[in-house]
Amino acid sequence: MEISKLFFIVFFKKTPLRKIGKDRLESVKFRCLLTRKSLFLRSINLLKLQITTIWQNLKAFLGPGALVAVGYMDPGNWITSVVGGASYKYSLLFVILISSIIAMQLQQMAGKLGIVTRMDLAQATAHHAPKWLRYSLWVILELALMATDLAEVLGSAIALNLLFKIPIMVAILLTVLDVFLLLLLMKFGFKKIEAVVTTLILTILGIFTYLVALSNPNIQGIFGGYLPTSTLFETPLPGHESQLTLALGIVGATVMPHNLYLHSSLSQTRKINHKDKKDVRKAVRFMTWDSNLQLSLAFIVNSLLLILGASLFFGHASEISAFSQMYNALQDSKIAGAIASSTLSTLFALALLASGQNSTITGTLTGQIVMEGFLHLKLPQWIIRIGTRIFALLPVIIVAVLFGHQEKTLDQLLVYSQVFLSIALPFSIFPLIYLTSKKSLMGEFTNAKWNTILGYAVSIILTILNIKLLFDIFKSGFEVKSRHREDW
């Protein structure tokens, strides 16, 4: 009131300031300062309240993204990324970057599908696809899950073999126990599984950050590696996999089909009022934040794997194409240099075990989601989990029986299992984009047109590259057979 009176006296009565009492002026100045201070404090408090509200909402939705991110840093990534770095230095980093961006786009669609429709991708596909297509997609996905399990189980088994000298076959059978661990954790609630998985992710991240820091990488080379290059289609170096094979292996290992089904189911584990569109919008927004945050961690881990291969093992690609070879190389001063030690090897094996166990837990969950969604099975969860685990383990056991004494052959199979995942990926992407672009199903949450076009473009490009890759694999196989005939 005093301020408005003073304003009236000076500007309307044209009274000079010198004629207004000094005390009165000081009083008004003091009140102005108080007003400014109170406004500033109110702004700070409002900002604190907004940050607290955002954090509380984000914290409520944090977790599913961690379970999804596990699939983007499983043992299958290790061979392709480390061998990629050891063969072509930092040039394949841009493939990891592009794969991670594609993953963020697709996982957001998958999570949104689950929240909006309250169906996972398997249920939605089964509901909208004709019977022949439904069963065809189920068979392809089951083969993709087997390829995923091949990487995860062999990774865990090899880690147990390296750490405790347990025979590979026994170690593979021990991985069945993760089903019982999962059943036990489920009794304590889904948050406990998310906490265990997050802890293992941070363990992997910490170990590889330490290993890369010791390897003294070329920072300029790293930043240059994130820029696309045409060398992807060049003829491979003698004794090396082609860049395209490794690139598609990285895509298959990074953007994994089963994660789309997993995320569309896990996004439904949070309490959402589906009658309130505002609440659904909030759920979609914070699910996206959670997913992108966790996938950023996976991107860092995958980059660290390739950087480790480039900075520590470049020129030794043929000597580190198996997990045991990497384990031994880390304590071999001829390969790892002055930093070589048994401690580094042990840390590597521990990270491999953590990655394998993390991935087998999420793989088991996905197996259940896929079987229930596509086949409409109505059985107790523990029977479905054990059944899907044993079903997925059969090909791993067959491979171990045939090649158990050839660990390098097992690791080579891991690379090709990731290539198969890349081939199987479009069969999951096309249904996902189609369903999330369907106005009658998604309502106001339908994909933006640019998002749909981009999604289809990615799928088509991947399909074309996969056809080229298959042609190259058959061509190289034919050339090898021709050489054998000539030798005879």
# chains A, B, ... in the order shown; residues from 1 in each chain; ligands from 1
$ select_by_dssp --residues "region 55-196 of chain A" --states "helix (DSSP H, G or I)" --output "ChimeraX atom specification"
/A:55-61,64-70,75-88,93-117,121-128,131-164,168-174,177-187,190-196
$ residues_around --residues "Phe164 (chain A)" --least-positions-apart "4" --cutoff "12 Å" --atoms "only C-alpha atoms" --output "list in words"
Ser156, Ala157, Ile158, Ala159, Leu160, Ile168, Val170, Ala171, Thr346, Ala349, Leu350 and Leu353 of chain A
$ residues_around --residues "Ile201 (chain A)" --least-positions-apart "3" --cutoff "9 Å" --atoms "only C-alpha atoms" --output "PyMOL selection string"
chain A and resi 66+69-70+73+196-198+204-206+297-298+354-355+358
$ write_last_selection --atoms "N, CA and C atoms" --output "PDB file, in the first residue's frame"
ATOM      1  N   ALA A  66      15.292 -50.974 -16.374  1.00  0.00           N
ATOM      2  CA  ALA A  66      16.521 -51.703 -16.009  1.00  0.00           C
ATOM      3  C   ALA A  66      16.450 -53.142 -16.502  1.00  0.00           C
ATOM      4  N   ALA A  69      16.954 -52.999 -20.192  1.00  0.00           N
ATOM      5  CA  ALA A  69      18.334 -52.633 -20.550  1.00  0.00           C
ATOM      6  C   ALA A  69      19.295 -53.813 -20.441  1.00  0.00           C
ATOM      7  N   VAL A  70      18.967 -54.772 -19.565  1.00  0.00           N
ATOM      8  CA  VAL A  70      19.797 -55.968 -19.385  1.00  0.00           C
ATOM      9  C   VAL A  70      20.030 -56.675 -20.718  1.00  0.00           C
ATOM     10  N   MET A  73      22.915 -55.509 -22.946  1.00  0.00           N
ATOM     11  CA  MET A  73      24.324 -55.655 -22.519  1.00  0.00           C
ATOM     12  C   MET A  73      24.612 -57.089 -22.085  1.00  0.00           C
ATOM     13  N   VAL A 196      17.762 -56.088  -7.705  1.00  0.00           N
ATOM     14  CA  VAL A 196      18.862 -57.042  -7.946  1.00  0.00           C
ATOM     15  C   VAL A 196      19.475 -56.779  -9.320  1.00  0.00           C
ATOM     16  N   VAL A 197      18.622 -56.619 -10.324  1.00  0.00           N
ATOM     17  CA  VAL A 197      19.089 -56.398 -11.693  1.00  0.00           C
ATOM     18  C   VAL A 197      19.863 -55.077 -11.799  1.00  0.00           C
ATOM     19  N   THR A 198      19.348 -54.022 -11.183  1.00  0.00           N
ATOM     20  CA  THR A 198      20.017 -52.716 -11.213  1.00  0.00           C
ATOM     21  C   THR A 198      21.395 -52.803 -10.566  1.00  0.00           C
ATOM     22  N   ILE A 204      28.541 -54.250 -13.530  1.00  0.00           N
ATOM     23  CA  ILE A 204      29.118 -54.390 -14.878  1.00  0.00           C
ATOM     24  C   ILE A 204      29.687 -53.050 -15.346  1.00  0.00           C
ATOM     25  N   LEU A 205      28.905 -51.982 -15.160  1.00  0.00           N
ATOM     26  CA  LEU A 205      29.330 -50.639 -15.581  1.00  0.00           C
ATOM     27  C   LEU A 205      30.610 -50.228 -14.861  1.00  0.00           C
ATOM     28  N   GLY A 206      30.666 -50.461 -13.541  1.00  0.00           N
ATOM     29  CA  GLY A 206      31.843 -50.100 -12.747  1.00  0.00           C
ATOM     30  C   GLY A 206      33.087 -50.846 -13.197  1.00  0.00           C
ATOM     31  N   LEU A 297      22.525 -46.142 -20.145  1.00  0.00           N
ATOM     32  CA  LEU A 297      23.530 -46.923 -19.409  1.00  0.00           C
ATOM     33  C   LEU A 297      24.009 -48.111 -20.257  1.00  0.00           C
ATOM     34  N   ALA A 298      23.069 -48.779 -20.924  1.00  0.00           N
ATOM     35  CA  ALA A 298      23.418 -49.909 -21.797  1.00  0.00           C
ATOM     36  C   ALA A 298      24.298 -49.436 -22.958  1.00  0.00           C
ATOM     37  N   ALA A 354      27.755 -61.728 -13.935  1.00  0.00           N
ATOM     38  CA  ALA A 354      26.658 -60.799 -13.599  1.00  0.00           C
ATOM     39  C   ALA A 354      25.776 -60.557 -14.816  1.00  0.00           C
ATOM     40  N   SER A 355      26.403 -60.369 -15.985  1.00  0.00           N
ATOM     41  CA  SER A 355      25.660 -60.127 -17.218  1.00  0.00           C
ATOM     42  C   SER A 355      24.823 -61.342 -17.605  1.00  0.00           C
ATOM     43  N   ASN A 358      21.885 -61.826 -15.075  1.00  0.00           N
ATOM     44  CA  ASN A 358      20.884 -60.788 -15.325  1.00  0.00           C
ATOM     45  C   ASN A 358      20.015 -61.155 -16.519  1.00  0.00           C
TER      46      ASN A 358
END
$ closest_atom_pairs --of "region 322-394 of chain A" --to "region 82-88 of chain A" --cutoff "12 Å" --atoms "only C-alpha atoms" --output "CSV"
residue,atom,partner,partner_atom,distance
A:Ala322,CA,A:Val83,CA,9.2
A:Phe323,CA,A:Val82,CA,10.1
A:Gln325,CA,A:Val83,CA,11.4
A:Met326,CA,A:Val82,CA,9.1
A:Ile335,CA,A:Ala86,CA,11.3
A:Ala336,CA,A:Ala86,CA,12.0
$ write_last_selection --atoms "N, CA and C atoms" --output "PDB file, in the first residue's frame"
ATOM      1  N   ALA A 322      37.189 -65.613 -28.147  1.00  0.00           N
ATOM      2  CA  ALA A 322      36.465 -66.465 -27.201  1.00  0.00           C
ATOM      3  C   ALA A 322      36.600 -65.852 -25.807  1.00  0.00           C
ATOM      4  N   PHE A 323      35.611 -66.112 -24.935  1.00  0.00           N
ATOM      5  CA  PHE A 323      35.644 -65.538 -23.585  1.00  0.00           C
ATOM      6  C   PHE A 323      36.906 -65.957 -22.823  1.00  0.00           C
ATOM      7  N   GLN A 325      39.729 -66.743 -24.047  1.00  0.00           N
ATOM      8  CA  GLN A 325      40.874 -66.040 -24.623  1.00  0.00           C
ATOM      9  C   GLN A 325      40.965 -64.608 -24.093  1.00  0.00           C
ATOM     10  N   MET A 326      39.813 -63.942 -23.966  1.00  0.00           N
ATOM     11  CA  MET A 326      39.806 -62.590 -23.387  1.00  0.00           C
ATOM     12  C   MET A 326      40.295 -62.637 -21.942  1.00  0.00           C
ATOM     13  N   ILE A 335      49.846 -59.101 -24.735  1.00  0.00           N
ATOM     14  CA  ILE A 335      48.625 -58.574 -25.369  1.00  0.00           C
ATOM     15  C   ILE A 335      48.120 -57.329 -24.641  1.00  0.00           C
ATOM     16  N   ALA A 336      47.925 -57.441 -23.322  1.00  0.00           N
ATOM     17  CA  ALA A 336      47.347 -56.336 -22.537  1.00  0.00           C
ATOM     18  C   ALA A 336      48.382 -55.316 -22.082  1.00  0.00           C
TER      19      ALA A 336
END
$ residues_around --residues "Gly363 (chain A)" --least-positions-apart "4" --cutoff "7 Å" --atoms "only C-alpha atoms" --output "ChimeraX atom specification"
/A:149,359,367
$ write_last_selection --atoms "C-alpha atoms" --output "PDB file, in the first residue's frame"
ATOM      1  CA  ASP A 149      19.464 -68.051 -24.322  1.00  0.00           C
ATOM      2  CA  SER A 359      19.991 -61.840 -18.845  1.00  0.00           C
ATOM      3  CA  GLY A 367       9.620 -66.872 -22.314  1.00  0.00           C
TER       4      GLY A 367
END
$ closest_residue --among "A:Leu211, A:Val176, A:Leu462, A:Ala151" --to "Ser345 (chain A)" --atoms "only C-alpha atoms"
A:Leu211
$ closest_atom_pairs --of "region 270-338 of chain A" --to "region 433-455 of chain A" --cutoff "12 Å" --atoms "only C-alpha atoms" --output "Markdown table"
| residue | atom | partner | partner_atom | distance |
| --- | --- | --- | --- | --- |
| A:Lys277 | CA | A:Glu444 | CA | 9.3 |
| A:Lys278 | CA | A:Glu444 | CA | 11.5 |
| A:Val280 | CA | A:Phe445 | CA | 9.4 |
| A:Arg281 | CA | A:Phe445 | CA | 8.3 |
| A:Lys282 | CA | A:Phe445 | CA | 11.8 |
| A:Ala283 | CA | A:Phe445 | CA | 11.7 |
| A:Val284 | CA | A:Phe445 | CA | 9.0 |
| A:Arg285 | CA | A:Phe445 | CA | 11.2 |
$ closest_residue --among "A:Ala103, A:Ile79, A:Leu67, A:Val401" --to "Asn292 (chain A)" --atoms "only C-alpha atoms"
A:Ala103
$ residues_around --residues "Asn259 (chain A)" --least-positions-apart "5" --cutoff "10 Å" --atoms "only C-alpha atoms" --output "list in words"
Leu67, Val68, Ala69, Val70, Gly71, Tyr72, Ala103, Leu106, Gln107, Ala110, Thr254, Ser264, Ser265, Thr362, Gly363, Thr366 and Ser428 of chain A
$ atom_distance --atom1 "CA of Leu248 (chain A)" --atom2 "CA of Leu402 (chain A)"
26.3 Å
$ residues_around --residues "region 129-132 of chain A" --least-positions-apart "3" --cutoff "12 Å" --atoms "only C-alpha atoms" --output "ChimeraX atom specification"
/A:121-126,135-139,374-375,431-432,434-435
$ atom_distance --atom1 "CA of Asp276 (chain A)" --atom2 "CA of Thr117 (chain A)"
13.8 Å
$ decode --residues "region 314-362 of chain A" --atoms "N, CA and C atoms" --output "mmCIF file, in the first residue's frame"
data_model
loop_
_atom_site.group_PDB
_atom_site.id
_atom_site.type_symbol
_atom_site.label_atom_id
_atom_site.label_comp_id
_atom_site.auth_asym_id
_atom_site.auth_seq_id
_atom_site.Cartn_x
_atom_site.Cartn_y
_atom_site.Cartn_z
ATOM 1 N N PHE A 314 43.551 -54.383 -30.052
ATOM 2 C CA PHE A 314 43.653 -54.154 -31.498
ATOM 3 C C PHE A 314 44.896 -54.860 -32.054
ATOM 4 N N GLY A 315 44.661 -55.599 -33.167
ATOM 5 C CA GLY A 315 45.758 -56.367 -33.750
ATOM 6 C C GLY A 315 45.818 -57.789 -33.235
ATOM 7 N N HIS A 316 44.964 -58.095 -32.234
ATOM 8 C CA HIS A 316 44.944 -59.451 -31.647
ATOM 9 C C HIS A 316 43.536 -60.058 -31.751
ATOM 10 N N ALA A 317 42.767 -59.647 -32.766
ATOM 11 C CA ALA A 317 41.370 -60.095 -32.879
ATOM 12 C C ALA A 317 41.247 -61.612 -32.882
ATOM 13 N N SER A 318 42.155 -62.284 -33.592
ATOM 14 C CA SER A 318 42.083 -63.751 -33.682
ATOM 15 C C SER A 318 42.417 -64.429 -32.357
ATOM 16 N N GLU A 319 43.056 -63.672 -31.446
ATOM 17 C CA GLU A 319 43.470 -64.246 -30.152
ATOM 18 C C GLU A 319 42.472 -63.967 -29.037
ATOM 19 N N ILE A 320 41.428 -63.177 -29.323
ATOM 20 C CA ILE A 320 40.442 -62.852 -28.264
ATOM 21 C C ILE A 320 39.013 -63.088 -28.738
ATOM 22 N N SER A 321 38.828 -64.049 -29.662
ATOM 23 C CA SER A 321 37.490 -64.307 -30.201
ATOM 24 C C SER A 321 36.680 -65.275 -29.342
ATOM 25 N N ALA A 322 37.189 -65.613 -28.147
ATOM 26 C CA ALA A 322 36.465 -66.465 -27.201
ATOM 27 C C ALA A 322 36.600 -65.852 -25.807
ATOM 28 N N PHE A 323 35.611 -66.112 -24.935
ATOM 29 C CA PHE A 323 35.644 -65.538 -23.585
ATOM 30 C C PHE A 323 36.906 -65.957 -22.823
ATOM 31 N N SER A 324 37.268 -67.235 -22.927
ATOM 32 C CA SER A 324 38.455 -67.705 -22.196
ATOM 33 C C SER A 324 39.713 -67.025 -22.724
ATOM 34 N N GLN A 325 39.729 -66.743 -24.047
ATOM 35 C CA GLN A 325 40.874 -66.040 -24.623
ATOM 36 C C GLN A 325 40.965 -64.608 -24.093
ATOM 37 N N MET A 326 39.813 -63.942 -23.966
ATOM 38 C CA MET A 326 39.806 -62.590 -23.387
ATOM 39 C C MET A 326 40.295 -62.637 -21.942
ATOM 40 N N TYR A 327 39.797 -63.642 -21.218
ATOM 41 C CA TYR A 327 40.175 -63.829 -19.808
ATOM 42 C C TYR A 327 41.690 -63.994 -19.690
ATOM 43 N N ASN A 328 42.269 -64.837 -20.536
ATOM 44 C CA ASN A 328 43.712 -65.080 -20.502
ATOM 45 C C ASN A 328 44.500 -63.882 -21.010
ATOM 46 N N ALA A 329 43.943 -63.181 -22.025
ATOM 47 C CA ALA A 329 44.630 -62.024 -22.606
ATOM 48 C C ALA A 329 44.814 -60.904 -21.588
ATOM 49 N N LEU A 330 43.844 -60.754 -20.674
ATOM 50 C CA LEU A 330 43.920 -59.688 -19.666
ATOM 51 C C LEU A 330 45.041 -59.910 -18.649
ATOM 52 N N GLN A 331 45.576 -61.135 -18.597
ATOM 53 C CA GLN A 331 46.718 -61.376 -17.713
ATOM 54 C C GLN A 331 47.994 -61.706 -18.495
ATOM 55 N N ASP A 332 47.930 -61.446 -19.815
ATOM 56 C CA ASP A 332 49.081 -61.681 -20.680
ATOM 57 C C ASP A 332 49.684 -60.331 -21.079
ATOM 58 N N SER A 333 50.901 -60.044 -20.600
ATOM 59 C CA SER A 333 51.533 -58.743 -20.852
ATOM 60 C C SER A 333 51.865 -58.533 -22.331
ATOM 61 N N LYS A 334 51.963 -59.622 -23.116
ATOM 62 C CA LYS A 334 52.245 -59.485 -24.544
ATOM 63 C C LYS A 334 51.045 -58.889 -25.286
ATOM 64 N N ILE A 335 49.846 -59.101 -24.735
ATOM 65 C CA ILE A 335 48.625 -58.574 -25.369
ATOM 66 C C ILE A 335 48.120 -57.329 -24.641
ATOM 67 N N ALA A 336 47.925 -57.441 -23.322
ATOM 68 C CA ALA A 336 47.347 -56.336 -22.537
ATOM 69 C C ALA A 336 48.382 -55.316 -22.082
ATOM 70 N N GLY A 337 49.657 -55.627 -22.280
ATOM 71 C CA GLY A 337 50.710 -54.679 -21.900
ATOM 72 C C GLY A 337 50.976 -54.660 -20.405
ATOM 73 N N ALA A 338 51.428 -53.483 -19.924
ATOM 74 C CA ALA A 338 51.864 -53.357 -18.532
ATOM 75 C C ALA A 338 50.735 -53.520 -17.521
ATOM 76 N N ILE A 339 49.477 -53.316 -17.958
ATOM 77 C CA ILE A 339 48.357 -53.382 -16.997
ATOM 78 C C ILE A 339 47.863 -54.823 -16.771
ATOM 79 N N ALA A 340 48.429 -55.779 -17.532
ATOM 80 C CA ALA A 340 47.980 -57.176 -17.429
ATOM 81 C C ALA A 340 48.107 -57.702 -16.005
ATOM 82 N N SER A 341 47.051 -58.355 -15.530
ATOM 83 C CA SER A 341 47.097 -58.960 -14.186
ATOM 84 C C SER A 341 45.948 -59.943 -14.029
ATOM 85 N N SER A 342 46.070 -60.855 -13.064
ATOM 86 C CA SER A 342 45.004 -61.832 -12.791
ATOM 87 C C SER A 342 43.774 -61.143 -12.206
ATOM 88 N N THR A 343 43.977 -59.995 -11.550
ATOM 89 C CA THR A 343 42.842 -59.238 -10.979
ATOM 90 C C THR A 343 41.897 -58.780 -12.087
ATOM 91 N N LEU A 344 42.483 -58.275 -13.205
ATOM 92 C CA LEU A 344 41.665 -57.821 -14.332
ATOM 93 C C LEU A 344 40.874 -58.982 -14.922
ATOM 94 N N SER A 345 41.512 -60.151 -15.024
ATOM 95 C CA SER A 345 40.830 -61.337 -15.548
ATOM 96 C C SER A 345 39.659 -61.737 -14.666
ATOM 97 N N THR A 346 39.879 -61.690 -13.355
ATOM 98 C CA THR A 346 38.815 -62.057 -12.406
ATOM 99 C C THR A 346 37.652 -61.072 -12.485
ATOM 100 N N LEU A 347 37.970 -59.776 -12.583
ATOM 101 C CA LEU A 347 36.922 -58.760 -12.721
ATOM 102 C C LEU A 347 36.117 -58.982 -13.998
ATOM 103 N N PHE A 348 36.812 -59.316 -15.075
ATOM 104 C CA PHE A 348 36.153 -59.601 -16.357
ATOM 105 C C PHE A 348 35.179 -60.770 -16.206
ATOM 106 N N ALA A 349 35.623 -61.859 -15.574
ATOM 107 C CA ALA A 349 34.780 -63.048 -15.395
ATOM 108 C C ALA A 349 33.582 -62.751 -14.493
ATOM 109 N N LEU A 350 33.788 -61.929 -13.460
ATOM 110 C CA LEU A 350 32.682 -61.547 -12.564
ATOM 111 C C LEU A 350 31.631 -60.729 -13.319
ATOM 112 N N ALA A 351 32.104 -59.793 -14.170
ATOM 113 C CA ALA A 351 31.177 -58.989 -14.971
ATOM 114 C C ALA A 351 30.405 -59.878 -15.941
ATOM 115 N N LEU A 352 31.086 -60.875 -16.511
ATOM 116 C CA LEU A 352 30.446 -61.820 -17.427
ATOM 117 C C LEU A 352 29.368 -62.639 -16.715
ATOM 118 N N LEU A 353 29.673 -63.076 -15.496
ATOM 119 C CA LEU A 353 28.703 -63.843 -14.702
ATOM 120 C C LEU A 353 27.492 -62.979 -14.354
ATOM 121 N N ALA A 354 27.755 -61.728 -13.935
ATOM 122 C CA ALA A 354 26.658 -60.799 -13.599
ATOM 123 C C ALA A 354 25.776 -60.557 -14.816
ATOM 124 N N SER A 355 26.403 -60.369 -15.985
ATOM 125 C CA SER A 355 25.660 -60.127 -17.218
ATOM 126 C C SER A 355 24.823 -61.342 -17.605
ATOM 127 N N GLY A 356 25.428 -62.534 -17.512
ATOM 128 C CA GLY A 356 24.718 -63.766 -17.860
ATOM 129 C C GLY A 356 23.529 -64.023 -16.963
ATOM 130 N N GLN A 357 23.727 -63.837 -15.649
ATOM 131 C CA GLN A 357 22.638 -64.083 -14.689
ATOM 132 C C GLN A 357 21.508 -63.075 -14.861
ATOM 133 N N ASN A 358 21.885 -61.826 -15.075
ATOM 134 C CA ASN A 358 20.884 -60.788 -15.325
ATOM 135 C C ASN A 358 20.015 -61.155 -16.519
ATOM 136 N N SER A 359 20.690 -61.565 -17.588
ATOM 137 C CA SER A 359 19.991 -61.840 -18.845
ATOM 138 C C SER A 359 19.121 -63.093 -18.776
ATOM 139 N N THR A 360 19.585 -64.115 -18.041
ATOM 140 C CA THR A 360 18.774 -65.336 -17.954
ATOM 141 C C THR A 360 17.496 -65.090 -17.151
ATOM 142 N N ILE A 361 17.559 -64.198 -16.161
ATOM 143 C CA ILE A 361 16.350 -63.845 -15.387
ATOM 144 C C ILE A 361 15.314 -63.199 -16.310
ATOM 145 N N THR A 362 15.759 -62.199 -17.095
ATOM 146 C CA THR A 362 14.811 -61.506 -17.986
ATOM 147 C C THR A 362 14.388 -62.409 -19.148
#
